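Okay, coords-v2.cif now, which holds mmCIF, C-alpha atoms and all ligand atoms:
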```
data_model
loop_
_atom_site.label_atom_id
_atom_site.label_comp_id
_atom_site.auth_asym_id
_atom_site.auth_seq_id
_atom_site.Cartn_x
_atom_site.Cartn_y
_atom_site.Cartn_z
CA MET A 113 0.00 0.00 0.00
CA ALA A 114 1.35 3.41 -0.95
CA VAL A 115 1.95 5.55 2.10
CA LYS A 116 1.56 9.27 1.61
CA PHE A 117 2.83 10.52 4.91
CA ASP A 118 3.99 14.07 5.01
CA VAL A 119 7.03 13.57 7.22
CA LYS A 120 10.36 12.10 6.15
CA GLU A 121 10.45 8.31 6.18
CA THR A 122 13.70 8.28 8.17
CA GLU A 123 11.96 9.87 11.16
CA ARG A 124 9.60 6.93 11.38
CA LYS A 125 11.81 4.19 12.77
CA PRO A 126 10.76 3.21 16.30
CA ALA A 127 13.57 3.26 18.85
CA ILE A 128 12.54 -0.25 19.90
CA ASP A 129 11.84 -3.21 17.62
CA LEU A 130 8.10 -3.47 18.25
CA TYR A 131 7.70 -7.08 17.14
CA ASP A 132 10.66 -8.23 19.23
CA LEU A 133 9.14 -6.61 22.33
CA VAL A 134 5.78 -8.30 21.67
CA ALA A 135 7.61 -11.62 21.29
CA GLU A 136 9.57 -11.07 24.52
CA LEU A 137 6.39 -10.33 26.49
CA PHE A 138 4.29 -13.06 24.87
CA PRO A 139 5.16 -16.08 27.07
CA ILE A 140 4.50 -14.29 30.38
CA ASN A 141 1.28 -15.16 32.20
CA ARG A 142 -0.52 -11.94 33.06
CA SER A 143 -3.81 -11.25 34.78
CA LEU A 144 -5.43 -8.39 36.69
CA THR A 145 -2.78 -8.82 39.38
CA GLY A 146 0.21 -10.98 40.09
CA SER A 147 3.85 -11.60 39.28
CA GLY A 148 3.32 -11.64 35.49
CA VAL A 149 2.17 -8.01 35.49
CA ARG A 150 5.22 -7.05 37.56
CA LYS A 151 7.54 -8.95 35.22
CA THR A 152 5.94 -7.27 32.20
CA LEU A 153 6.29 -3.80 33.69
CA GLY A 154 9.87 -4.64 34.64
CA ILE A 155 10.65 -5.30 30.96
CA VAL A 156 8.97 -2.03 29.92
CA ALA A 157 10.98 -0.23 32.61
CA ARG A 158 14.24 -1.25 30.90
CA HIS A 159 13.34 1.24 28.18
CA ILE A 160 11.64 4.08 30.09
CA GLY A 161 11.64 5.45 33.62
CA LEU A 162 8.42 3.70 34.48
CA GLU A 163 6.93 4.38 37.90
CA ILE A 164 5.50 1.12 39.21
CA ASN A 165 2.64 1.41 41.70
CA GLU A 166 1.25 -1.25 44.03
CA ILE A 167 -2.27 -0.85 45.46
CA LYS A 168 -3.22 -3.18 48.30
CA SER A 169 -5.95 -5.80 47.88
CA GLY A 170 -9.19 -4.66 49.44
CA THR A 171 -8.52 -0.93 48.94
CA ALA A 172 -11.82 0.83 48.21
CA VAL A 173 -11.76 2.89 45.03
CA LEU A 174 -14.88 4.64 43.71
CA ASP A 175 -17.53 1.87 43.49
CA TRP A 176 -14.92 -0.92 43.45
CA HIS A 177 -12.44 -2.76 45.63
CA VAL A 178 -8.96 -3.83 44.59
CA PRO A 179 -9.18 -7.63 44.14
CA MET A 180 -7.07 -10.30 45.79
CA GLU A 181 -3.76 -11.01 44.08
CA TRP A 182 -3.75 -14.10 41.88
CA ASN A 183 -0.66 -16.17 41.13
CA ILE A 184 -0.43 -19.53 39.42
CA ARG A 185 2.37 -22.06 39.14
CA GLY A 186 0.65 -24.80 37.15
CA GLY A 187 -2.55 -26.53 36.12
CA SER A 188 -3.32 -29.84 34.44
CA ILE A 189 -5.90 -32.43 33.58
CA THR A 190 -4.40 -35.94 33.64
CA THR A 191 -5.72 -39.43 33.01
CA LEU A 192 -5.55 -41.78 35.99
CA ASP A 193 -2.74 -43.65 34.25
CA GLY A 194 -0.68 -40.44 34.15
CA ARG A 195 -1.12 -39.04 30.62
CA VAL A 196 -1.18 -35.21 30.75
CA LEU A 197 -3.95 -34.00 28.40
CA VAL A 198 -4.13 -30.33 29.33
CA ASP A 199 -1.13 -28.47 30.73
CA PHE A 200 -0.79 -24.80 31.76
CA ALA A 201 2.91 -25.11 30.96
CA SER A 202 2.13 -25.53 27.26
CA SER A 203 -0.34 -22.59 27.14
CA ASN A 204 -1.30 -20.20 29.90
CA LEU A 205 -4.72 -19.83 28.26
CA HIS A 206 -5.55 -23.34 29.52
CA VAL A 207 -6.51 -22.18 33.01
CA LEU A 208 -9.43 -19.81 33.61
CA ALA A 209 -7.87 -16.59 34.94
CA TYR A 210 -8.42 -16.17 38.68
CA SER A 211 -9.10 -19.90 39.15
CA LYS A 212 -8.95 -20.85 42.80
CA PRO A 213 -6.73 -23.86 43.64
CA VAL A 214 -8.15 -27.34 43.16
CA ARG A 215 -6.75 -30.84 43.39
CA GLY A 216 -8.63 -34.12 43.11
CA VAL A 217 -10.30 -36.71 40.96
CA PHE A 218 -13.45 -35.63 39.16
CA THR A 219 -15.90 -37.48 36.94
CA ARG A 220 -16.15 -36.22 33.37
CA ALA A 221 -19.63 -34.92 34.16
CA GLU A 222 -18.36 -33.00 37.21
CA LEU A 223 -15.45 -31.63 35.21
CA GLU A 224 -17.67 -30.52 32.31
CA ARG A 225 -19.11 -27.66 34.39
CA HIS A 226 -15.58 -26.21 34.56
CA ILE A 227 -14.63 -26.66 30.90
CA HIS A 228 -14.68 -23.83 28.35
CA THR A 229 -14.37 -24.59 24.62
CA LEU A 230 -15.18 -22.99 21.27
CA PRO A 231 -17.37 -25.45 19.31
CA ASP A 232 -17.22 -23.17 16.24
CA GLN A 233 -13.39 -22.98 16.35
CA PRO A 234 -12.73 -26.50 17.65
CA ASP A 235 -8.92 -26.39 17.39
CA LEU A 236 -8.41 -23.15 19.36
CA ILE A 237 -8.09 -22.53 23.07
CA PRO A 238 -10.42 -19.78 24.28
CA TYR A 239 -9.27 -17.06 26.70
CA ARG A 240 -11.64 -16.80 29.64
CA THR A 241 -11.51 -14.99 32.97
CA GLY A 242 -13.38 -15.48 36.22
CA TYR A 243 -12.07 -12.43 38.08
CA TYR A 244 -14.93 -12.11 40.53
CA ALA A 245 -16.43 -15.61 40.06
CA ASP A 246 -14.91 -17.62 42.97
CA ASP A 247 -14.57 -20.59 40.63
CA TRP A 248 -12.00 -22.62 38.76
CA GLY A 249 -11.91 -23.79 35.17
CA PHE A 250 -10.00 -25.00 32.14
CA CYS A 251 -10.03 -23.73 28.57
CA LEU A 252 -9.22 -26.21 25.81
CA PRO A 253 -9.81 -27.02 22.17
CA HIS A 254 -13.30 -28.40 21.65
CA ASN A 255 -11.90 -31.32 19.66
CA LEU A 256 -9.68 -32.30 22.57
CA TRP A 257 -12.59 -32.22 25.02
CA GLN A 258 -14.69 -34.32 22.62
CA SER A 259 -11.92 -36.91 22.55
CA MET A 260 -11.75 -37.15 26.35
CA ASN A 261 -14.06 -40.03 27.20
CA ASP A 262 -12.65 -41.46 30.43
CA GLU A 263 -15.06 -41.62 33.35
CA VAL A 264 -12.72 -39.78 35.69
CA TYR A 265 -9.73 -37.44 35.50
CA HIS A 266 -7.15 -36.12 37.90
CA VAL A 267 -7.34 -32.34 38.06
CA GLU A 268 -4.92 -29.88 39.60
CA ILE A 269 -4.64 -26.09 39.65
CA ASP A 270 -1.71 -24.86 41.73
CA SER A 271 -2.72 -21.24 42.29
CA ASP A 272 -3.33 -18.86 45.12
CA LEU A 273 -5.75 -16.03 45.57
CA SER A 274 -4.64 -14.05 48.58
CA PRO A 275 -4.17 -10.51 49.91
CA GLY A 276 -1.40 -8.79 47.99
CA SER A 277 -1.61 -5.88 45.58
CA LEU A 278 -2.54 -4.71 42.13
CA THR A 279 0.31 -3.36 40.00
CA PHE A 280 0.20 -0.64 37.37
CA GLY A 281 2.78 1.47 35.58
CA GLU A 282 2.93 5.17 34.74
CA PHE A 283 5.45 7.27 32.86
CA PHE A 284 5.05 11.04 32.59
CA VAL A 285 7.08 13.23 30.26
CA PRO A 286 6.42 16.87 31.13
CA GLY A 287 6.04 19.51 28.42
CA GLU A 288 6.51 23.29 28.31
CA ALA A 289 2.80 23.81 28.82
CA GLY A 290 0.63 22.23 31.51
CA ASP A 291 -1.57 20.56 28.91
CA GLU A 292 -1.17 16.82 28.52
CA VAL A 293 -1.80 13.92 26.19
CA LEU A 294 -2.82 10.69 27.93
CA LEU A 295 -2.09 7.30 26.34
CA SER A 296 -3.18 4.05 27.90
CA CYS A 297 -3.03 0.32 27.30
CA HIS A 298 -3.90 -2.92 29.10
CA VAL A 299 -1.35 -5.20 30.78
CA CYS A 300 -3.70 -7.93 32.06
CA HIS A 301 -3.88 -10.50 29.25
CA PRO A 302 -1.75 -13.66 29.20
CA SER A 303 -0.28 -14.94 25.93
CA LEU A 304 -2.35 -12.89 23.48
CA ALA A 305 -0.25 -10.90 21.03
CA ASN A 306 -2.56 -8.40 19.37
CA ASP A 307 -4.90 -7.76 22.26
CA ASN A 308 -2.74 -6.05 24.91
CA LEU A 309 0.83 -6.72 23.76
CA SER A 310 0.68 -4.61 20.59
CA GLY A 311 -0.46 -1.70 22.76
CA ILE A 312 2.26 -2.24 25.36
CA ALA A 313 5.01 -2.35 22.70
CA LEU A 314 3.73 0.75 20.91
CA MET A 315 3.34 2.73 24.13
CA THR A 316 6.87 1.84 25.20
CA ALA A 317 8.42 2.92 21.89
CA LEU A 318 6.32 6.10 21.76
CA ALA A 319 7.32 6.95 25.33
CA VAL A 320 11.00 6.65 24.38
CA ARG A 321 10.37 8.92 21.39
CA GLN A 322 8.44 11.61 23.23
CA ALA A 323 10.95 11.71 26.08
CA ARG A 324 13.79 12.33 23.63
CA GLN A 325 12.33 15.19 21.66
CA LYS A 326 11.48 18.81 22.30
CA ARG A 327 7.78 19.09 23.07
CA ARG A 328 5.14 21.61 24.00
CA LEU A 329 2.71 19.18 25.66
CA GLY A 330 3.22 16.68 28.45
CA TYR A 331 2.72 12.98 27.69
CA ARG A 332 1.36 10.51 30.21
CA PHE A 333 1.69 6.78 29.47
CA LEU A 334 -0.47 4.42 31.56
CA PHE A 335 0.04 0.66 31.65
CA LEU A 336 -3.08 -0.61 33.42
CA PRO A 337 -4.89 -3.82 34.23
CA ALA A 338 -8.36 -3.54 32.65
CA THR A 339 -11.14 -1.48 34.23
CA ILE A 340 -9.99 -1.53 37.86
CA GLY A 341 -6.59 -0.14 36.84
CA ALA A 342 -8.13 2.85 35.05
CA ILE A 343 -10.57 3.40 37.92
CA ILE A 344 -7.70 3.44 40.41
CA TRP A 345 -5.63 5.82 38.30
CA LEU A 346 -8.55 8.20 37.75
CA ALA A 347 -9.54 8.21 41.42
CA ARG A 348 -5.97 8.95 42.54
CA ASN A 349 -5.29 11.65 39.93
CA GLU A 350 -8.34 13.91 39.94
CA PRO A 351 -6.21 17.10 40.32
CA VAL A 352 -4.31 16.45 37.06
CA LEU A 353 -7.34 15.49 34.97
CA VAL A 354 -8.00 19.11 34.06
CA ASN A 355 -4.68 19.05 32.17
CA VAL A 356 -5.66 16.09 29.97
CA LYS A 357 -6.53 17.75 26.68
CA HIS A 358 -6.23 14.67 24.46
CA GLY A 359 -6.27 10.95 25.15
CA LEU A 360 -6.01 7.67 23.34
CA VAL A 361 -6.48 4.06 24.34
CA LEU A 362 -4.24 1.80 22.23
CA THR A 363 -5.21 -1.82 21.55
CA CYS A 364 -5.21 -4.45 18.82
CA LEU A 365 -2.72 -2.52 16.67
CA GLY A 366 -0.52 -5.38 15.47
CA ASP A 367 -2.76 -7.19 12.99
CA SER A 368 -3.01 -6.34 9.31
CA GLY A 369 -6.61 -5.15 9.39
CA ARG A 370 -7.72 -1.61 8.50
CA PHE A 371 -7.48 1.08 11.17
CA HIS A 372 -10.51 1.81 13.34
CA TYR A 373 -10.86 4.82 15.58
CA LYS A 374 -13.65 5.02 18.12
CA ARG A 375 -14.47 8.62 18.93
CA SER A 376 -14.50 10.05 22.43
CA ARG A 377 -17.81 10.52 24.24
CA LYS A 378 -17.69 14.26 23.71
CA SER A 379 -16.67 15.76 20.42
CA ALA A 380 -12.99 16.51 20.98
CA ALA A 381 -9.94 17.74 19.07
CA ILE A 382 -8.43 14.24 19.29
CA ASP A 383 -11.34 12.94 17.18
CA GLN A 384 -10.72 15.54 14.47
CA ALA A 385 -6.95 15.12 14.69
CA ILE A 386 -6.89 11.38 14.21
CA ALA A 387 -9.50 11.48 11.45
CA HIS A 388 -7.24 14.00 9.68
CA VAL A 389 -4.10 11.90 10.17
CA LEU A 390 -5.79 8.71 8.95
CA ARG A 391 -7.30 10.53 5.97
CA HIS A 392 -3.85 11.58 4.78
CA SER A 393 -2.04 8.41 5.82
CA GLY A 394 -2.89 6.32 2.79
CA PHE A 395 -4.15 3.53 5.07
CA SER A 396 -7.65 2.13 4.88
CA HIS A 397 -9.60 3.19 7.95
CA GLU A 398 -12.98 3.72 9.54
CA ILE A 399 -14.17 6.21 12.18
CA MET A 400 -16.67 4.78 14.65
CA PRO A 401 -19.01 6.60 17.03
CA PHE A 402 -18.49 6.36 20.79
CA ASN A 403 -20.14 3.50 22.63
CA PRO A 404 -19.83 2.53 26.29
CA TYR A 405 -18.15 -0.84 25.59
CA GLY A 406 -14.60 -1.84 24.79
CA TYR A 407 -11.45 -0.78 26.65
CA ASP A 408 -10.70 1.85 29.29
CA GLU A 409 -12.28 4.67 27.29
CA ARG A 410 -15.33 3.44 29.22
CA GLN A 411 -13.75 4.71 32.42
CA PHE A 412 -12.04 7.85 31.00
CA CYS A 413 -15.34 8.81 29.31
CA SER A 414 -17.60 7.97 32.27
CA PRO A 415 -19.88 10.95 32.98
CA GLY A 416 -18.04 12.17 36.09
CA PHE A 417 -14.76 12.43 34.14
CA ASN A 418 -15.82 12.75 30.47
CA LEU A 419 -12.24 13.13 29.26
CA PRO A 420 -11.42 13.62 25.56
CA VAL A 421 -10.22 10.02 25.09
CA GLY A 422 -10.83 7.84 22.03
CA CYS A 423 -9.68 4.32 21.16
CA LEU A 424 -7.39 3.42 18.26
CA MET A 425 -7.41 -0.12 16.89
CA ARG A 426 -6.77 -1.97 13.67
CA SER A 427 -9.22 -4.91 13.81
CA VAL A 428 -11.95 -4.24 16.35
CA HIS A 429 -12.03 -6.31 19.54
CA GLY A 430 -14.65 -9.03 19.51
CA THR A 431 -15.06 -8.99 15.72
CA PHE A 432 -12.04 -10.92 14.39
CA PRO A 433 -11.91 -14.71 14.69
CA GLU A 434 -8.54 -14.75 16.49
CA TYR A 435 -9.83 -12.43 19.26
CA HIS A 436 -9.49 -13.94 22.76
CA THR A 437 -8.23 -17.27 21.42
CA SER A 438 -4.90 -19.05 21.06
CA ALA A 439 -4.86 -17.82 17.44
CA ASP A 440 -4.05 -14.28 18.67
CA ASN A 441 -0.41 -15.30 18.63
CA LEU A 442 2.94 -14.24 17.22
CA ASP A 443 1.90 -15.28 13.69
CA PHE A 444 -1.19 -13.11 13.80
CA VAL A 445 0.79 -9.98 14.69
CA LYS A 446 3.01 -8.56 11.92
CA ALA A 447 6.09 -6.36 12.31
CA GLU A 448 5.00 -4.23 9.36
CA ALA A 449 1.54 -3.66 10.86
CA LEU A 450 3.06 -2.60 14.19
CA ASP A 451 5.39 -0.16 12.40
CA GLN A 452 2.47 1.31 10.44
CA SER A 453 0.50 1.80 13.65
CA TYR A 454 3.53 3.50 15.19
CA SER A 455 3.84 5.90 12.26
CA VAL A 456 0.15 6.86 12.48
CA ILE A 457 0.39 7.59 16.21
CA GLU A 458 3.66 9.52 16.03
CA THR A 459 2.19 11.66 13.26
CA LEU A 460 -0.81 12.26 15.52
CA LEU A 461 1.36 13.22 18.50
CA ASP A 462 3.42 15.61 16.37
CA LEU A 463 0.20 17.19 15.15
CA LEU A 464 -1.19 17.66 18.67
CA ASP A 465 2.11 19.11 19.81
CA ALA A 466 2.34 21.61 16.95
CA ASN A 467 -1.32 22.58 16.87
CA CYS A 468 -1.16 26.33 17.50
CA THR A 469 -3.18 29.34 16.41
CA TYR A 470 -1.71 32.18 14.35
CA GLN A 471 -2.89 35.65 13.53
CA ARG A 472 -1.93 37.91 10.63
CA VAL A 473 -0.05 41.02 11.67
CA GLU A 474 -1.96 42.91 8.93
CA GLY A 475 -5.04 41.02 7.83
CA ARG A 476 -6.32 43.51 5.28
CA GLY A 477 -5.64 42.23 1.75
CA GLU A 478 -3.01 39.69 0.79
CA PRO A 479 0.60 40.42 1.69
CA GLN A 480 2.89 40.89 -1.28
CA LEU A 481 4.73 37.60 -1.36
CA GLY A 482 7.12 38.34 -4.24
CA ARG A 483 8.59 41.39 -2.47
CA ARG A 484 9.48 39.14 0.49
CA GLY A 485 11.05 36.44 -1.65
CA LEU A 486 8.36 33.97 -0.57
CA TYR A 487 7.87 32.40 -3.98
CA ARG A 488 11.50 31.31 -3.79
CA ALA A 489 11.03 30.18 -0.21
CA ILE A 490 8.08 28.08 -1.20
CA ALA A 491 9.98 26.50 -4.06
CA GLY A 492 12.78 25.62 -1.63
CA GLU A 493 10.39 24.32 1.00
CA ARG A 494 8.65 22.05 -1.42
CA GLU A 495 11.73 19.87 -1.57
CA VAL A 496 11.83 19.55 2.21
CA GLY A 497 8.39 19.89 3.81
CA GLY A 498 6.21 19.86 0.73
CA ALA A 499 4.53 23.25 1.28
CA THR A 500 3.10 24.68 -1.92
CA GLN A 501 2.04 28.18 -2.83
CA MET A 502 -1.57 27.13 -2.32
CA ASP A 503 -0.73 25.87 1.19
CA LEU A 504 0.75 29.28 2.06
CA LEU A 505 -2.28 31.11 0.65
CA TRP A 506 -4.61 28.92 2.73
CA PHE A 507 -2.51 29.53 5.81
CA LEU A 508 -2.38 33.29 5.32
CA ASN A 509 -6.12 33.41 4.71
CA LEU A 510 -7.10 31.37 7.76
CA ALA A 511 -4.54 32.92 10.13
CA ASP A 512 -7.27 35.06 11.69
CA GLY A 513 -6.67 34.10 15.32
CA ASN A 514 -9.65 31.75 15.29
CA HIS A 515 -8.34 28.77 13.32
CA SER A 516 -5.88 26.35 14.88
CA LEU A 517 -3.53 24.72 12.36
CA LEU A 518 -5.68 21.57 12.64
CA LYS A 519 -8.84 23.49 11.80
CA MET A 520 -7.01 25.04 8.84
CA ALA A 521 -5.76 21.64 7.67
CA ILE A 522 -9.26 20.17 7.81
CA ARG A 523 -10.88 23.13 6.07
CA ALA A 524 -8.23 23.29 3.33
CA ASP A 525 -7.92 19.48 3.17
CA ILE A 526 -4.15 19.78 3.26
CA PRO A 527 -1.90 17.51 5.40
CA PHE A 528 -1.15 19.21 8.71
CA ALA A 529 2.64 19.15 8.28
CA ARG A 530 2.40 21.21 5.08
CA LEU A 531 0.41 23.94 6.85
CA GLU A 532 2.95 23.78 9.64
CA SER A 533 5.69 24.46 7.04
CA SER A 534 3.63 27.36 5.71
CA ALA A 535 3.31 28.72 9.25
CA ARG A 536 7.08 28.64 9.69
CA ILE A 537 7.60 30.53 6.40
CA ALA A 538 5.01 33.18 7.35
CA LEU A 539 6.38 33.51 10.88
CA ASP A 540 9.94 33.97 9.59
CA ALA A 541 8.68 36.67 7.21
CA GLY A 542 7.00 38.52 10.05
CA LEU A 543 3.55 38.11 8.49
CA VAL A 544 1.91 36.35 11.49
CA THR A 545 2.25 36.06 15.22
CA ARG A 546 1.50 33.03 17.32
CA VAL A 547 -1.49 33.49 19.60
CA PRO A 548 -0.40 32.38 23.08
CA ASN A 549 -2.17 29.23 24.18
CA ASP A 550 -3.36 30.80 27.40
CA GLN A 551 -5.21 33.41 25.36
CA LYS A 552 -6.57 31.18 22.65
CA ARG A 553 -7.55 27.76 23.91
CA ILE A 554 -6.79 25.22 21.19
CA GLU A 555 -9.72 22.96 20.55
ZN ZN B 601 -9.08 -8.56 25.62
#
```
Spit out the file's structure as structure tokens when you get a sec.
Amino acid sequence: MAVKFDVKETERKPAIDLYDLVAELFPINRSLTGSGVRKTLGIVARHIGLEINEIKSGTAVLDWHVPMEWNIRGGSITTLDGRVLVDFASSNLHVLAYSKPVRGVFTRAELERHIHTLPDQPDLIPYRTGYYADDWGFCLPHNLWQSMNDEVYHVEIDSDLSPGSLTFGEFFVPGEAGDEVLLSCHVCHPSLANDNLSGIALMTALAVRQARQKRRLGYRFLFLPATIGAIIWLARNEPVLVNVKHGLVLTCLGDSGRFHYKRSRKSAAIDQAIAHVLRHSGFSHEIMPFNPYGYDERQFCSPGFNLPVGCLMRSVHGTFPEYHTSADNLDFVKAEALDQSYSVIETLLDLLDANCTYQRVEGRGEPQLGRRGLYRAIAGEREVGGATQMDLLWFLNLADGNHSLLKMAIRADIPFARLESSARIALDAGLVTRVPNDQKRIE
């Protein structure tokens, strides 16, 4: 697919090999809590100065309580003559997440109540959780279960569910202004590559990038276990929420499907910004309305917070056959798809960071461009940033103090970076001034 990005290709190499990071994290067993989340965040922390927080089990937070900590060492279903048919060691999807410990001999009929399969995808292991269920269970290929016809089986889950803590990670890169961009992903899924791990890898690489470059805005990267993690973070950070001007939940960004963006609950600049970036990216995409289902945008966009946070995906959770199965693996995720997702998001972040408002010093009539040598400047710029004479005319016309660069780019249907180049030319020529952000709130 031809990519028509407006920034040099060389700037688009992630500092971290995204696929390699997904592959490194893949084998770890993660859940809402437990040692796998800590291990995962420890790997992320090798790349960025991640702050790792532990919140005690039982802590009350908004309408919720932090759950018990769950850890698991093994789980198996074995025939009485010792043949291991189902083994947690071969796939961590085999044990229902948050299973309480069990050990004993069960009849097939007794065991059936604890078995989860996918009759329509009989060779795949489903991913199931029982976070608040006080139960135990196994997930296995339907064909395997159909072939298990002994009267009794030996069953063992070596786990514990006990007071401990919930772990989440946060990395904040301050900007010149108080305004912030919030990015968040989930860290609670076991060996699923697209769902969760693509988001973790992208967030890590983007955090490295944003920390290294000059920036106007602050960037806050949250690595959270689903739902309860976002609720905890929101409840503990109410004073900083006023600074969150743009937010994005990142998930399922490693498959080769088209891009999908789910808008925030309120109409926000992030919605317009990402629609603009995708429109000029050359990638197939779809913009979806907000709905109160999905990932942690549900919490960020709950009525008491109502933050400007949308959700960026490639294939949409729950709609692709690999979703929440053993087929969401390292073959399903592609290095090229991860790199494309990275380039879309970095373009978005650059846009948000550069989105300022300008005003003509003298707005009556057009300025005489030839006298200022601006035709030459434009010709020179074209080779670098791609600004054309038409871009400059659009910029000079809309630089009325009321159009942000994003609004200009949308109205003129010109890629943002080209208007940004035009702004630099006009600023250097003394034709415009930048309206301070505290005077003109960028929307
Ligand atoms: Zn999921």
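With distances restricted to only C-alpha atoms, A:Leu174 is the closest residue to Leu346 in chain A from A:Ile140, A:Leu174, A:Met180, A:Ala499.
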If we count all atoms listed in the file and set the cut-off at 12 Å, which residues sit around Gly146 in chain A, ignoring sequence neighbours fewer than 3 positions away in its own chain? Please answer as an MDAnalysis selection string. chainID A and resid 140:143 149:153 166:169 179:185 209:210 271:280 299:302 337
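For the set A:Cys423, A:Val389, A:Leu309, A:Leu543, the residue with the smallest atom-to-atom gap to ligand ZN 601 (chain B) is A:Leu309, counting only C-alpha atoms and all ligand atoms.
If you look at CA of Leu205 in chain A and CA of Leu144 in chain A, they are 14.2 Å away from each other.
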Taking all atoms listed in the file into account, name the residue in A:Met425, A:Cys364, A:Ile343, A:Ala135 that is nearest to ligand ZN 601 (chain B). A:Cys364
Between CA of Gly187 in chain A and CA of Phe200 in chain A, what is the spacing in Å? 5.0 Å
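With all atoms listed in the file as the basis for measurement, A:Gly513 is the residue among A:Gly369, A:Gly513, A:Pro231, A:Pro433 that approaches Thr545 in chain A most closely.
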Test item: residues no farther than 12 Å from ligand ZN 601 (chain B), counting only C-alpha atoms and all ligand atoms, as a PyMOL selection string: chain A and resi 142-144+238-241+297-311+337-339+362-364+405-408+428-432+434-437+440
Those selected residues, please, written with C-alpha atoms and delivered as a PDB file, keeping the file's coordinate frame.
```pdb
ATOM      1  CA  ARG A 142      -0.520 -11.940  33.060  1.00  0.00           C
ATOM      2  CA  SER A 143      -3.810 -11.250  34.780  1.00  0.00           C
ATOM      3  CA  LEU A 144      -5.430  -8.390  36.690  1.00  0.00           C
ATOM      4  CA  PRO A 238     -10.420 -19.780  24.280  1.00  0.00           C
ATOM      5  CA  TYR A 239      -9.270 -17.060  26.700  1.00  0.00           C
ATOM      6  CA  ARG A 240     -11.640 -16.800  29.640  1.00  0.00           C
ATOM      7  CA  THR A 241     -11.510 -14.990  32.970  1.00  0.00           C
ATOM      8  CA  CYS A 297      -3.030   0.320  27.300  1.00  0.00           C
ATOM      9  CA  HIS A 298      -3.900  -2.920  29.100  1.00  0.00           C
ATOM     10  CA  VAL A 299      -1.350  -5.200  30.780  1.00  0.00           C
ATOM     11  CA  CYS A 300      -3.700  -7.930  32.060  1.00  0.00           C
ATOM     12  CA  HIS A 301      -3.880 -10.500  29.250  1.00  0.00           C
ATOM     13  CA  PRO A 302      -1.750 -13.660  29.200  1.00  0.00           C
ATOM     14  CA  SER A 303      -0.280 -14.940  25.930  1.00  0.00           C
ATOM     15  CA  LEU A 304      -2.350 -12.890  23.480  1.00  0.00           C
ATOM     16  CA  ALA A 305      -0.250 -10.900  21.030  1.00  0.00           C
ATOM     17  CA  ASN A 306      -2.560  -8.400  19.370  1.00  0.00           C
ATOM     18  CA  ASP A 307      -4.900  -7.760  22.260  1.00  0.00           C
ATOM     19  CA  ASN A 308      -2.740  -6.050  24.910  1.00  0.00           C
ATOM     20  CA  LEU A 309       0.830  -6.720  23.760  1.00  0.00           C
ATOM     21  CA  SER A 310       0.680  -4.610  20.590  1.00  0.00           C
ATOM     22  CA  GLY A 311      -0.460  -1.700  22.760  1.00  0.00           C
ATOM     23  CA  PRO A 337      -4.890  -3.820  34.230  1.00  0.00           C
ATOM     24  CA  ALA A 338      -8.360  -3.540  32.650  1.00  0.00           C
ATOM     25  CA  THR A 339     -11.140  -1.480  34.230  1.00  0.00           C
ATOM     26  CA  LEU A 362      -4.240   1.800  22.230  1.00  0.00           C
ATOM     27  CA  THR A 363      -5.210  -1.820  21.550  1.00  0.00           C
ATOM     28  CA  CYS A 364      -5.210  -4.450  18.820  1.00  0.00           C
ATOM     29  CA  TYR A 405     -18.150  -0.840  25.590  1.00  0.00           C
ATOM     30  CA  GLY A 406     -14.600  -1.840  24.790  1.00  0.00           C
ATOM     31  CA  TYR A 407     -11.450  -0.780  26.650  1.00  0.00           C
ATOM     32  CA  ASP A 408     -10.700   1.850  29.290  1.00  0.00           C
ATOM     33  CA  VAL A 428     -11.950  -4.240  16.350  1.00  0.00           C
ATOM     34  CA  HIS A 429     -12.030  -6.310  19.540  1.00  0.00           C
ATOM     35  CA  GLY A 430     -14.650  -9.030  19.510  1.00  0.00           C
ATOM     36  CA  THR A 431     -15.060  -8.990  15.720  1.00  0.00           C
ATOM     37  CA  PHE A 432     -12.040 -10.920  14.390  1.00  0.00           C
ATOM     38  CA  GLU A 434      -8.540 -14.750  16.490  1.00  0.00           C
ATOM     39  CA  TYR A 435      -9.830 -12.430  19.260  1.00  0.00           C
ATOM     40  CA  HIS A 436      -9.490 -13.940  22.760  1.00  0.00           C
ATOM     41  CA  THR A 437      -8.230 -17.270  21.420  1.00  0.00           C
ATOM     42  CA  ASP A 440      -4.050 -14.280  18.670  1.00  0.00           C
TER      43      ASP A 440
END
```
Pairwise distance for CA of Tyr454 in chain A and CA of Ser427 in chain A, rounded to one decimal in Å: 15.3 Å
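Excluding range 243-250 of chain A and any residue on its chain fewer than 3 positions from it, the residues at most 7 Å away by all atoms listed in the file are His206, Val207, Leu208, Ala209, Tyr210, Ser211, Lys212, His226, Ile227 and His228 of chain A.
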Skip range 471-480 of chain A itself and residues of its chain fewer than 2 positions away, then list as a VMD selection string all residues within 7 Å of it, counting all atoms listed in the file. chain A and resid 469 482 to 483 511 to 513 543 to 547
Within 8 Å of (1.1, 21.5, 15.1), in the coordinates the file gives, what residues turn up when you count all atoms listed in the file, written out as a PyMOL selection string? chain A and resi 462-468+517-518+528-529+532
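If you measure from each of A:Pro234, A:Gly542, A:Pro420, A:Pro286 to Val354 in chain A using only C-alpha atoms, the closest one turns out to be A:Pro420.
Remark: for Ala342 in chain A, the closest of the candidate residues A:His388, A:Arg370, A:Arg375, A:Arg410 is A:Arg410 (distances computed over all atoms listed in the file).
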Show which residues sit within 7 Å of Leu130 in chain A, as a list in words. Count all atoms listed in the file, and ignore same-chain residues fewer than 5 positions away. Ala313, Leu314, Ala447 and Leu450 of chain A
